[in-house]
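Text of the file model-v6.csv, holding CSV, C-alpha atoms:
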```csv
chain,number,residue,atom,x,y,z
Z,1,MET,CA,8.3,-9.4,20.8
Z,2,GLN,CA,11.3,-7.2,21.3
Z,3,ALA,CA,11.2,-3.6,20.0
Z,4,THR,CA,12.7,-3.1,16.6
Z,5,ASP,CA,16.2,-1.6,16.6
Z,6,THR,CA,15.8,2.1,16.0
Z,7,ASN,CA,19.5,3.0,15.7
Z,8,ARG,CA,19.2,2.8,11.9
Z,9,ASP,CA,16.0,4.9,11.8
Z,10,GLN,CA,16.1,8.0,9.7
Z,11,PRO,CA,12.7,9.5,10.1
Z,12,LEU,CA,13.0,12.2,7.4
Z,13,LEU,CA,14.2,9.7,4.8
Z,14,GLY,CA,11.4,7.4,5.8
Z,15,ILE,CA,8.9,10.2,5.4
Z,16,CYS,CA,10.2,11.2,1.9
Z,17,LEU,CA,9.9,7.5,0.8
Z,18,ALA,CA,6.3,7.4,2.2
Z,19,LEU,CA,5.5,10.6,0.3
Z,20,GLY,CA,6.7,8.9,-2.9
Z,21,PHE,CA,4.4,5.9,-2.1
Z,22,CYS,CA,1.4,8.3,-1.6
Z,23,LEU,CA,2.1,9.9,-5.0
Z,24,VAL,CA,2.5,6.6,-6.9
Z,25,ILE,CA,0.0,4.2,-5.4
Z,26,PRO,CA,-3.3,6.1,-6.2
Z,27,PHE,CA,-2.3,5.8,-9.9
Z,28,SER,CA,-2.2,2.0,-9.4
Z,29,ASP,CA,-5.6,2.1,-7.8
Z,30,ALA,CA,-7.0,4.2,-10.6
Z,31,LEU,CA,-5.7,1.8,-13.2
Z,32,ALA,CA,-7.2,-1.1,-11.3
Z,33,LYS,CA,-10.6,0.7,-11.3
Z,34,ILE,CA,-10.3,1.3,-15.1
Z,35,LEU,CA,-9.4,-2.4,-15.8
Z,36,GLY,CA,-11.6,-4.0,-13.2
Z,37,ASP,CA,-14.6,-4.2,-15.5
Z,38,ARG,CA,-12.7,-5.8,-18.3
Z,39,PHE,CA,-10.3,-8.4,-16.7
Z,40,PRO,CA,-10.5,-11.1,-14.1
Z,41,LEU,CA,-9.5,-10.0,-10.6
Z,42,LEU,CA,-6.8,-12.6,-10.4
Z,43,GLN,CA,-5.2,-11.3,-13.6
Z,44,LEU,CA,-4.9,-7.8,-12.2
Z,45,ILE,CA,-3.1,-9.2,-9.1
Z,46,GLU,CA,-0.9,-11.4,-11.3
Z,47,ALA,CA,0.1,-8.4,-13.4
Z,48,ARG,CA,1.1,-6.6,-10.2
Z,49,PHE,CA,3.4,-9.5,-9.0
Z,50,ALA,CA,4.8,-10.2,-12.5
Z,51,ALA,CA,6.0,-6.6,-12.9
Z,52,GLN,CA,7.5,-6.9,-9.4
Z,53,ALA,CA,9.4,-10.0,-10.4
Z,54,LEU,CA,10.7,-8.6,-13.7
Z,55,ILE,CA,11.9,-5.4,-12.0
Z,56,PHE,CA,13.5,-6.7,-8.8
Z,57,LEU,CA,14.6,-10.3,-9.4
Z,58,PRO,CA,17.4,-9.2,-11.9
Z,59,LEU,CA,18.6,-6.6,-9.3
Z,60,THR,CA,18.8,-9.3,-6.6
Z,61,TRP,CA,20.6,-11.7,-8.9
Z,62,TRP,CA,23.1,-9.0,-9.9
Z,63,ALA,CA,23.8,-8.2,-6.3
Z,64,ARG,CA,24.1,-12.0,-5.5
Z,65,THR,CA,21.7,-11.5,-2.6
Z,66,ARG,CA,20.3,-14.6,-0.9
Z,67,LEU,CA,16.5,-14.4,-1.0
Z,68,PHE,CA,15.5,-16.8,1.8
Z,69,ARG,CA,17.9,-16.4,4.7
Z,70,SER,CA,16.3,-18.2,7.6
Z,71,THR,CA,13.2,-20.2,8.4
Z,72,ARG,CA,11.8,-17.3,10.5
Z,73,ALA,CA,12.4,-14.7,7.7
Z,74,THR,CA,10.9,-17.0,5.1
Z,75,GLY,CA,7.8,-17.7,7.2
Z,76,LEU,CA,7.3,-14.0,7.7
Z,77,LEU,CA,7.8,-13.3,4.0
Z,78,ILE,CA,5.2,-15.9,3.0
Z,79,ALA,CA,2.7,-14.5,5.5
Z,80,ARG,CA,3.4,-11.0,4.2
Z,81,THR,CA,2.9,-12.0,0.6
Z,82,ILE,CA,-0.4,-13.8,1.5
Z,83,LEU,CA,-1.6,-10.6,3.2
Z,84,GLN,CA,-0.6,-8.5,0.2
Z,85,ILE,CA,-2.6,-10.8,-2.2
Z,86,ALA,CA,-5.6,-10.6,0.1
Z,87,GLY,CA,-5.4,-6.9,0.5
Z,88,LEU,CA,-5.0,-6.2,-3.2
Z,89,GLY,CA,-7.9,-8.5,-4.0
Z,90,ALA,CA,-10.2,-6.7,-1.5
Z,91,MET,CA,-9.1,-3.3,-2.7
Z,92,PHE,CA,-9.4,-4.1,-6.4
Z,93,THR,CA,-12.9,-5.6,-5.8
Z,94,ALA,CA,-14.0,-2.5,-3.8
Z,95,LEU,CA,-12.9,-0.2,-6.7
Z,96,ARG,CA,-15.4,-2.0,-9.0
Z,97,PHE,CA,-18.2,-0.7,-6.8
Z,98,LEU,CA,-17.0,2.5,-5.1
Z,99,PRO,CA,-15.6,5.8,-6.3
Z,100,LEU,CA,-11.8,5.9,-6.1
Z,101,ALA,CA,-11.7,8.6,-3.3
Z,102,ASP,CA,-14.4,6.8,-1.3
Z,103,ALA,CA,-12.6,3.4,-1.4
Z,104,VAL,CA,-9.3,5.0,-0.3
Z,105,ALA,CA,-10.9,7.1,2.4
Z,106,ILE,CA,-12.9,4.3,4.0
Z,107,ALA,CA,-9.7,2.2,4.2
Z,108,PHE,CA,-8.0,5.0,6.2
Z,109,VAL,CA,-8.8,3.5,9.5
Z,110,MET,CA,-5.5,1.7,8.6
Z,111,PRO,CA,-3.2,4.4,10.1
Z,112,PHE,CA,-4.9,4.0,13.5
Z,113,LEU,CA,-4.4,0.2,13.4
Z,114,ILE,CA,-0.7,0.7,12.3
Z,115,LEU,CA,-0.2,3.1,15.1
Z,116,LEU,CA,-1.6,0.7,17.7
Z,117,LEU,CA,0.2,-2.3,16.3
Z,118,GLY,CA,3.5,-0.4,16.1
Z,119,HIS,CA,3.1,0.5,19.8
Z,120,PHE,CA,1.9,-2.8,21.2
Z,121,ALA,CA,3.8,-5.3,19.0
Z,122,LEU,CA,7.0,-3.4,18.2
Z,123,GLY,CA,7.3,-1.2,21.2
Z,124,GLU,CA,7.4,2.0,19.1
Z,125,GLU,CA,6.8,5.3,20.8
Z,126,VAL,CA,3.4,6.8,20.0
Z,127,GLY,CA,3.1,10.3,21.5
Z,128,PRO,CA,0.0,12.5,21.8
Z,129,ARG,CA,1.1,14.6,18.7
Z,130,ARG,CA,1.3,11.6,16.4
Z,131,LEU,CA,-2.0,10.4,17.7
Z,132,GLY,CA,-3.5,13.9,17.3
Z,133,ALA,CA,-2.2,14.0,13.7
Z,134,CYS,CA,-4.0,10.7,12.9
Z,135,LEU,CA,-7.2,12.0,14.5
Z,136,VAL,CA,-7.1,15.2,12.4
Z,137,GLY,CA,-6.2,13.3,9.3
Z,138,PHE,CA,-9.1,10.9,9.8
Z,139,ALA,CA,-11.5,13.9,10.4
Z,140,GLY,CA,-10.3,15.3,7.1
Z,141,THR,CA,-11.0,11.9,5.5
Z,142,LEU,CA,-14.6,11.9,6.6
Z,143,MET,CA,-15.0,15.4,5.3
Z,144,VAL,CA,-13.6,14.4,1.9
Z,145,VAL,CA,-16.1,11.7,1.0
Z,146,GLN,CA,-18.7,11.6,3.8
Z,147,PRO,CA,-18.9,7.8,3.6
Z,148,SER,CA,-22.3,6.4,4.3
Z,149,PHE,CA,-22.6,2.6,4.8
Z,150,ALA,CA,-26.4,2.9,4.5
Z,151,THR,CA,-26.2,4.1,1.0
Z,152,ILE,CA,-23.1,2.3,-0.3
Z,153,GLY,CA,-24.1,-1.2,1.0
Z,154,TRP,CA,-21.9,-4.2,1.5
Z,155,PRO,CA,-19.0,-3.1,-0.8
Z,156,ALA,CA,-18.2,-0.4,1.8
Z,157,LEU,CA,-17.0,-3.2,4.1
Z,158,LEU,CA,-14.2,-4.2,1.7
Z,159,PRO,CA,-12.0,-1.2,2.3
Z,160,LEU,CA,-12.3,-1.9,6.0
Z,161,ALA,CA,-11.0,-5.4,5.3
Z,162,VAL,CA,-8.2,-3.7,3.3
Z,163,ALA,CA,-7.4,-1.6,6.4
Z,164,VAL,CA,-7.0,-4.6,8.7
Z,165,ILE,CA,-5.0,-6.6,6.2
Z,166,PHE,CA,-2.5,-3.9,5.3
Z,167,ALA,CA,-2.1,-2.9,8.9
Z,168,LEU,CA,-0.8,-6.5,9.5
Z,169,PHE,CA,1.1,-6.3,6.3
Z,170,THR,CA,2.8,-3.1,7.6
Z,171,LEU,CA,3.7,-4.8,10.8
Z,172,ALA,CA,5.3,-7.8,9.0
Z,173,THR,CA,7.2,-5.4,6.7
Z,174,ARG,CA,8.6,-3.4,9.6
Z,175,VAL,CA,9.8,-6.6,11.4
Z,176,LEU,CA,11.3,-8.0,8.2
Z,177,SER,CA,13.1,-4.8,7.3
Z,178,ALA,CA,15.4,-5.4,10.2
Z,179,GLU,CA,16.8,-8.5,8.4
Z,180,MET,CA,16.1,-7.8,4.7
Z,181,ASP,CA,16.6,-4.9,2.4
Z,182,PRO,CA,13.6,-3.6,0.4
Z,183,ILE,CA,14.6,-5.0,-3.0
Z,184,THR,CA,15.3,-8.4,-1.6
Z,185,MET,CA,11.9,-8.4,0.2
Z,186,GLN,CA,10.1,-7.4,-3.0
Z,187,SER,CA,11.9,-10.1,-5.0
Z,188,GLY,CA,11.1,-12.8,-2.5
Z,189,SER,CA,7.4,-11.7,-2.4
Z,190,ALA,CA,7.2,-11.7,-6.2
Z,191,LEU,CA,8.4,-15.4,-6.3
Z,192,ILE,CA,6.1,-16.5,-3.6
Z,193,GLY,CA,3.2,-14.5,-5.0
Z,194,LEU,CA,3.5,-15.9,-8.5
Z,195,THR,CA,3.9,-19.4,-7.1
Z,196,ILE,CA,0.5,-19.0,-5.4
Z,197,LEU,CA,-1.3,-17.1,-8.2
Z,198,LEU,CA,-0.2,-18.8,-11.4
Z,199,PRO,CA,-1.8,-22.2,-10.7
Z,200,LEU,CA,-5.1,-20.4,-9.8
Z,201,GLY,CA,-5.0,-18.8,-13.3
Z,202,LEU,CA,-5.7,-22.3,-14.8
Z,203,PHE,CA,-9.2,-22.2,-13.4
Z,204,GLU,CA,-12.2,-20.2,-14.5
Z,205,LEU,CA,-15.3,-19.1,-12.6
Z,206,PRO,CA,-18.4,-17.5,-14.0
Z,207,GLY,CA,-18.9,-13.7,-13.6
Z,208,THR,CA,-18.6,-10.4,-15.4
Z,209,PRO,CA,-15.7,-10.2,-15.3
Z,210,PRO,CA,-14.8,-13.6,-13.7
Z,211,PRO,CA,-12.7,-13.6,-10.6
Z,212,LEU,CA,-10.4,-16.3,-11.9
Z,213,GLY,CA,-9.1,-17.0,-15.4
Z,214,TRP,CA,-7.2,-15.1,-18.1
Z,215,ILE,CA,-8.3,-12.7,-20.9
Z,216,MET,CA,-5.6,-11.8,-23.5
Z,217,PRO,CA,-5.0,-8.0,-23.4
Z,218,PHE,CA,-4.4,-6.1,-26.6
Z,219,GLY,CA,-3.5,-2.5,-27.5
Z,220,THR,CA,-4.2,0.1,-24.8
Z,221,ASP,CA,-5.4,-2.6,-22.3
Z,222,LEU,CA,-2.0,-4.3,-22.5
Z,223,TRP,CA,-0.2,-1.0,-21.7
Z,224,LEU,CA,-2.6,-0.2,-18.9
Z,225,LEU,CA,-1.9,-3.7,-17.4
Z,226,ILE,CA,1.8,-3.1,-17.6
Z,227,ALA,CA,1.4,0.4,-16.0
Z,228,LEU,CA,-0.7,-1.2,-13.2
Z,229,GLY,CA,2.1,-3.7,-12.4
Z,230,VAL,CA,4.9,-1.1,-12.6
Z,231,THR,CA,3.2,1.6,-10.5
Z,232,GLY,CA,2.1,-1.0,-7.9
Z,233,ALA,CA,5.6,-2.5,-7.7
Z,234,LEU,CA,7.3,0.9,-7.4
Z,235,GLY,CA,4.8,2.1,-4.8
Z,236,HIS,CA,5.2,-0.9,-2.6
Z,237,LEU,CA,9.0,-0.7,-2.9
Z,238,LEU,CA,8.8,2.9,-1.6
Z,239,PHE,CA,6.5,1.8,1.2
Z,240,THR,CA,8.8,-1.1,2.2
Z,241,ALA,CA,11.8,1.2,2.2
Z,242,SER,CA,10.0,3.8,4.3
Z,243,LEU,CA,9.4,1.3,7.0
Z,244,ARG,CA,13.1,0.4,7.0
Z,245,TYR,CA,14.0,3.9,8.0
Z,246,ALA,CA,11.1,5.1,10.1
Z,247,PRO,CA,8.7,3.6,12.7
Z,248,ALA,CA,5.2,2.7,11.5
Z,249,ALA,CA,3.8,5.3,13.9
Z,250,THR,CA,5.7,8.0,12.0
Z,251,ILE,CA,4.7,6.7,8.6
Z,252,ALA,CA,1.0,6.2,9.4
Z,253,PRO,CA,-0.1,9.8,9.4
Z,254,MET,CA,1.7,10.5,6.1
Z,255,GLN,CA,-0.5,8.0,4.3
Z,256,TYR,CA,-3.4,10.4,4.5
Z,257,LEU,CA,-1.9,12.3,1.7
Z,258,GLU,CA,-3.1,9.5,-0.6
Z,259,ILE,CA,-6.6,10.9,-0.2
Z,260,PRO,CA,-6.3,14.3,-2.0
Z,261,ILE,CA,-4.3,12.6,-4.8
Z,262,ALA,CA,-7.0,9.9,-5.1
Z,263,THR,CA,-9.7,12.7,-5.1
Z,264,LEU,CA,-7.9,14.6,-7.9
Z,265,LEU,CA,-7.5,11.4,-10.0
Z,266,GLY,CA,-11.2,10.6,-9.4
Z,267,LEU,CA,-12.1,14.1,-10.7
Z,268,VAL,CA,-9.9,13.9,-13.8
Z,269,LEU,CA,-10.5,10.2,-14.7
Z,270,PHE,CA,-14.0,9.5,-13.4
Z,271,GLN,CA,-15.6,13.0,-13.2
Z,272,GLN,CA,-16.1,12.8,-9.4
Z,273,LEU,CA,-16.1,16.4,-8.2
Z,274,PRO,CA,-15.6,17.0,-4.4
Z,275,ASN,CA,-17.9,19.6,-2.8
Z,276,GLY,CA,-16.9,22.4,-0.5
Z,277,LEU,CA,-16.8,20.2,2.6
Z,278,ALA,CA,-14.6,17.7,0.8
Z,279,ALA,CA,-12.2,20.5,-0.2
Z,280,ALA,CA,-12.0,21.6,3.4
Z,281,GLY,CA,-11.3,18.0,4.3
Z,282,ILE,CA,-8.4,17.8,1.8
Z,283,ALA,CA,-6.9,20.9,3.3
Z,284,LEU,CA,-7.2,19.4,6.8
Z,285,THR,CA,-5.6,16.2,5.7
Z,286,LEU,CA,-2.7,17.9,4.0
Z,287,ALA,CA,-2.2,20.1,7.2
Z,288,ALA,CA,-2.0,16.9,9.3
Z,289,GLY,CA,0.6,15.3,7.0
Z,290,LEU,CA,2.7,18.5,6.7
Z,291,TYR,CA,2.7,18.9,10.5
Z,292,ILE,CA,4.2,15.5,10.9
Z,293,VAL,CA,6.9,16.3,8.3
Z,294,ALA,CA,7.8,19.5,10.0
Z,295,ARG,CA,7.9,17.9,13.5
Z,296,GLU,CA,10.1,15.0,12.4
Z,297,ARG,CA,12.4,17.4,10.7
Z,298,ARG,CA,12.8,19.4,13.9
Z,299,LEU,CA,13.4,16.2,15.9
Z,300,SER,CA,16.0,15.0,13.4
Z,301,ARG,CA,17.9,18.3,13.6
Z,302,ARG,CA,17.8,18.2,17.4
Z,303,ALA,CA,19.1,14.6,17.4
Z,304,ALA,CA,21.9,15.5,15.0
```
Output the structure of this file as structure tokens.
Amino acid sequence: MQATDTNRDQPLLGICLALGFCLVIPFSDALAKILGDRFPLLQLIEARFAAQALIFLPLTWWARTRLFRSTRATGLLIARTILQIAGLGAMFTALRFLPLADAVAIAFVMPFLILLLGHFALGEEVGPRRLGACLVGFAGTLMVVQPSFATIGWPALLPLAVAVIFALFTLATRVLSAEMDPITMQSGSALIGLTILLPLGLFELPGTPPPLGWIMPFGTDLWLLIALGVTGALGHLLFTASLRYAPAATIAPMQYLEIPIATLLGLVLFQQLPNGLAAAGIALTLAAGLYIVARERRLSRRAA
């Protein structure tokens, strides 16, 4: 596979968009954790794609943009959407069993995978400083939650599955971003996702809550479902746009900033208080992310 054209790359813009993603998406995860004990898993994912369709399809129609431009792009878009559905399903399930910060942190082997995929599949440059930032960020991650597979049990494997799935999702997004703008990509994914998900909603399976089926939301739950869809759609738009303007290797270390935000939300919403070691890990994670921001800013100025 040939390297992605980097003439259009604007690392600082890509980093700013990635920061927006890191600010928004933990709220979506927190909402999924709140709603996960009351609604079927499939319904949460459907709410996510329905909001994406309602927000972005009118914009695509107004711009008169063609959604499916080629067989190759359509195939990649279908594969990307299936990966997104699988990743959301694994993450939302993990959030039923794990604290918010733990689930996010365990999934953060993902930046390493993105870094390696970006290098070997797309030919993106991965220097020792970027790799070092990922290592420092991962060390901070371990300090934040001290994950222990022995005590958590099998649900601890789900965030690892999320990491693998979304690393592949990121690779597909980076490749597609050369041919398709972020809003068109989100619109196409919404159509494909709803086409796959809605027929599944006709079936019901036993469980508390069931994985398939539909429960009518009322009152606060309805607004929380809407908020889940909107924050998820907005977060993934920012993520998709960030990969249009910056290599995956540049974006990967920035994603560690999700961890302190998830930790703060876990404290406020679920009374999960990090200890002193976790606080030091948050500081280390932030330092790694801010270092990448400062370095890319210097490189952009030098290039200009």
>> Would you compute the distance between atom CA of Z:Tyr291 and atom CA of Z:Ala246? Give it in Å to one decimal.
In response: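 Separation between atom CA of Z:Tyr291 and atom CA of Z:Ala246: 16.2 Å.
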>> Would you compute the distance between atom CA of Z:Gly87 and atom CA of Z:Thr240? Give it in Å to one decimal.
In response: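 Spanning atom CA of Z:Gly87 to atom CA of Z:Thr240 is a straight-line distance of 15.4 Å.
For Z:Ala163, the non-local neighbours within 8 Å, defined as residues at least 5 positions apart in the same chain or in other chains and counting only C-alpha atoms, are Z:Ala107, Z:Phe108, Z:Val109, Z:Met110, Z:Leu113.
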Residues from last step as file, C-alpha atoms, as a JSON list (two decimals), keeping the file's coordinate frame:
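So the final result, stored in result_22.json, reads:
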```json
[["chain", "number", "residue", "atom", "x", "y", "z"],
["Z", 107, "ALA", "CA", -9.70, 2.20, 4.20],
["Z", 108, "PHE", "CA", -8.00, 5.00, 6.20],
["Z", 109, "VAL", "CA", -8.80, 3.50, 9.50],
["Z", 110, "MET", "CA", -5.50, 1.70, 8.60],
["Z", 113, "LEU", "CA", -4.40, 0.20, 13.40]]
```
>> Around the point (-8.3, 10.0, -6.1) (coordinates from the file), which residues reach within 7 Å if we count all atoms listed in the file? Answer as number ranges by chain.
In response: Z: 26, 100-101, 259-266
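Residue neighbourhood of Z:Leu286, excluding near-sequence residues (fewer than 2 positions): Val136, Gly137, Gly140, Met254, Tyr256, Leu257, Glu258, Ile259, Pro260, Gly281, Ile282, Ala283, Leu284, Ala288, Gly289, Leu290 and Tyr291 of chain Z, at 10 Å, using only C-alpha atoms.
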>> Between atom CA of Z:Arg72 and atom CA of Z:Phe169, what distance in Å does the model show, to one decimal?
In response: 15.9 Å
Could the residues of stretch 20-134 of chain Z that have an atom at most 6 Å from stretch 186-205 of chain Z be listed as a Markdown table, each with its closest atom pair and the distance in Å to one decimal, counting only C-alpha atoms and ordered by chain and ascending residue number?
```
| residue | atom | partner | partner_atom | distance |
| --- | --- | --- | --- | --- |
| Z:Phe49 | CA | Z:Ala190 | CA | 5.2 |
| Z:Gln52 | CA | Z:Ala190 | CA | 5.8 |
| Z:Ala53 | CA | Z:Ala190 | CA | 5.0 |
| Z:Phe56 | CA | Z:Ser187 | CA | 5.3 |
| Z:Leu57 | CA | Z:Ser187 | CA | 5.2 |
| Z:Leu67 | CA | Z:Gly188 | CA | 5.8 |
| Z:Thr81 | CA | Z:Ser189 | CA | 5.4 |
```
For Z:Ala30, please output as a JSON list (two decimals) with C-alpha atoms, in the coordinates of the input all residues within 12 Å (counting all atoms listed in the file; exclusion window: fewer than 4 positions along the same chain).
```
[["chain", "number", "residue", "atom", "x", "y", "z"],
["Z", 24, "VAL", "CA", 2.50, 6.60, -6.90],
["Z", 25, "ILE", "CA", 0.00, 4.20, -5.40],
["Z", 26, "PRO", "CA", -3.30, 6.10, -6.20],
["Z", 34, "ILE", "CA", -10.30, 1.30, -15.10],
["Z", 35, "LEU", "CA", -9.40, -2.40, -15.80],
["Z", 36, "GLY", "CA", -11.60, -4.00, -13.20],
["Z", 91, "MET", "CA", -9.10, -3.30, -2.70],
["Z", 92, "PHE", "CA", -9.40, -4.10, -6.40],
["Z", 94, "ALA", "CA", -14.00, -2.50, -3.80],
["Z", 95, "LEU", "CA", -12.90, -0.20, -6.70],
["Z", 96, "ARG", "CA", -15.40, -2.00, -9.00],
["Z", 98, "LEU", "CA", -17.00, 2.50, -5.10],
["Z", 99, "PRO", "CA", -15.60, 5.80, -6.30],
["Z", 100, "LEU", "CA", -11.80, 5.90, -6.10],
["Z", 101, "ALA", "CA", -11.70, 8.60, -3.30],
["Z", 103, "ALA", "CA", -12.60, 3.40, -1.40],
["Z", 104, "VAL", "CA", -9.30, 5.00, -0.30],
["Z", 224, "LEU", "CA", -2.60, -0.20, -18.90],
["Z", 225, "LEU", "CA", -1.90, -3.70, -17.40],
["Z", 227, "ALA", "CA", 1.40, 0.40, -16.00],
["Z", 228, "LEU", "CA", -0.70, -1.20, -13.20],
["Z", 231, "THR", "CA", 3.20, 1.60, -10.50],
["Z", 232, "GLY", "CA", 2.10, -1.00, -7.90],
["Z", 258, "GLU", "CA", -3.10, 9.50, -0.60],
["Z", 261, "ILE", "CA", -4.30, 12.60, -4.80],
["Z", 262, "ALA", "CA", -7.00, 9.90, -5.10],
["Z", 263, "THR", "CA", -9.70, 12.70, -5.10],
["Z", 264, "LEU", "CA", -7.90, 14.60, -7.90],
["Z", 265, "LEU", "CA", -7.50, 11.40, -10.00],
["Z", 266, "GLY", "CA", -11.20, 10.60, -9.40],
["Z", 267, "LEU", "CA", -12.10, 14.10, -10.70],
["Z", 268, "VAL", "CA", -9.90, 13.90, -13.80],
["Z", 269, "LEU", "CA", -10.50, 10.20, -14.70],
["Z", 270, "PHE", "CA", -14.00, 9.50, -13.40]]
```
>> If we count all atoms listed in the file and set the cut-off at 10 Å, which residues sit around Z:Phe68, ignoring sequence neighbours fewer than 5 positions away in its own chain? Please answer as a ChimeraX atom specification.
In response: /Z:73-75,77,180,184-185,188
Incomplete stretch 287-294 of chain Z brought to all heavy atoms, written out as a PDB file, in the frame of the given file:
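Saved the output as selection.pdb:
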```pdb
ATOM      1  N   ALA Z 287      -2.772  19.376   5.993  1.00  0.00           N
ATOM      2  CA  ALA Z 287      -2.200  20.100   7.200  1.00  0.00           C
ATOM      3  C   ALA Z 287      -1.654  19.050   8.165  1.00  0.00           C
ATOM      4  O   ALA Z 287      -0.566  19.235   8.729  1.00  0.00           O
ATOM      5  CB  ALA Z 287      -3.235  20.964   7.796  1.00  0.00           C
ATOM      6  N   ALA Z 288      -2.411  17.966   8.403  1.00  0.00           N
ATOM      7  CA  ALA Z 288      -2.000  16.900   9.300  1.00  0.00           C
ATOM      8  C   ALA Z 288      -0.679  16.292   8.868  1.00  0.00           C
ATOM      9  O   ALA Z 288       0.261  16.085   9.643  1.00  0.00           O
ATOM     10  CB  ALA Z 288      -3.060  15.896   9.541  1.00  0.00           C
ATOM     11  N   GLY Z 289      -0.600  15.963   7.588  1.00  0.00           N
ATOM     12  CA  GLY Z 289       0.600  15.300   7.000  1.00  0.00           C
ATOM     13  C   GLY Z 289       1.799  16.265   7.089  1.00  0.00           C
ATOM     14  O   GLY Z 289       2.907  15.871   7.475  1.00  0.00           O
ATOM     15  N   LEU Z 290       1.607  17.543   6.693  1.00  0.00           N
ATOM     16  CA  LEU Z 290       2.700  18.500   6.700  1.00  0.00           C
ATOM     17  C   LEU Z 290       3.192  18.794   8.120  1.00  0.00           C
ATOM     18  O   LEU Z 290       4.376  19.050   8.343  1.00  0.00           O
ATOM     19  CB  LEU Z 290       2.271  19.799   6.006  1.00  0.00           C
ATOM     20  CG  LEU Z 290       2.029  19.676   4.495  1.00  0.00           C
ATOM     21  CD1 LEU Z 290       1.458  20.979   3.946  1.00  0.00           C
ATOM     22  CD2 LEU Z 290       3.318  19.322   3.770  1.00  0.00           C
ATOM     23  N   TYR Z 291       2.272  18.739   9.070  1.00  0.00           N
ATOM     24  CA  TYR Z 291       2.700  18.900  10.500  1.00  0.00           C
ATOM     25  C   TYR Z 291       3.650  17.847  10.913  1.00  0.00           C
ATOM     26  O   TYR Z 291       4.670  18.123  11.559  1.00  0.00           O
ATOM     27  CB  TYR Z 291       1.455  18.950  11.375  1.00  0.00           C
ATOM     28  CG  TYR Z 291       1.808  18.854  12.847  1.00  0.00           C
ATOM     29  CD1 TYR Z 291       2.298  19.959  13.535  1.00  0.00           C
ATOM     30  CD2 TYR Z 291       1.687  17.646  13.531  1.00  0.00           C
ATOM     31  CE1 TYR Z 291       2.646  19.861  14.871  1.00  0.00           C
ATOM     32  CE2 TYR Z 291       2.022  17.540  14.868  1.00  0.00           C
ATOM     33  CZ  TYR Z 291       2.501  18.650  15.534  1.00  0.00           C
ATOM     34  OH  TYR Z 291       2.857  18.542  16.852  1.00  0.00           O
ATOM     35  N   ILE Z 292       3.351  16.590  10.545  1.00  0.00           N
ATOM     36  CA  ILE Z 292       4.200  15.500  10.900  1.00  0.00           C
ATOM     37  C   ILE Z 292       5.599  15.646  10.251  1.00  0.00           C
ATOM     38  O   ILE Z 292       6.650  15.417  10.866  1.00  0.00           O
ATOM     39  CB  ILE Z 292       3.605  14.142  10.527  1.00  0.00           C
ATOM     40  CG1 ILE Z 292       2.435  13.832  11.469  1.00  0.00           C
ATOM     41  CG2 ILE Z 292       4.618  13.008  10.586  1.00  0.00           C
ATOM     42  CD1 ILE Z 292       2.858  13.568  12.899  1.00  0.00           C
ATOM     43  N   VAL Z 293       5.614  16.054   8.983  1.00  0.00           N
ATOM     44  CA  VAL Z 293       6.900  16.300   8.300  1.00  0.00           C
ATOM     45  C   VAL Z 293       7.720  17.318   9.010  1.00  0.00           C
ATOM     46  O   VAL Z 293       8.915  17.125   9.285  1.00  0.00           O
ATOM     47  CB  VAL Z 293       6.646  16.707   6.825  1.00  0.00           C
ATOM     48  CG1 VAL Z 293       7.958  17.128   6.175  1.00  0.00           C
ATOM     49  CG2 VAL Z 293       6.019  15.583   6.029  1.00  0.00           C
ATOM     50  N   ALA Z 294       7.095  18.464   9.344  1.00  0.00           N
ATOM     51  CA  ALA Z 294       7.800  19.500  10.000  1.00  0.00           C
ATOM     52  C   ALA Z 294       8.321  19.110  11.386  1.00  0.00           C
ATOM     53  O   ALA Z 294       9.460  19.406  11.779  1.00  0.00           O
ATOM     54  CB  ALA Z 294       6.928  20.773  10.138  1.00  0.00           C
TER      55      ALA Z 294
END
```
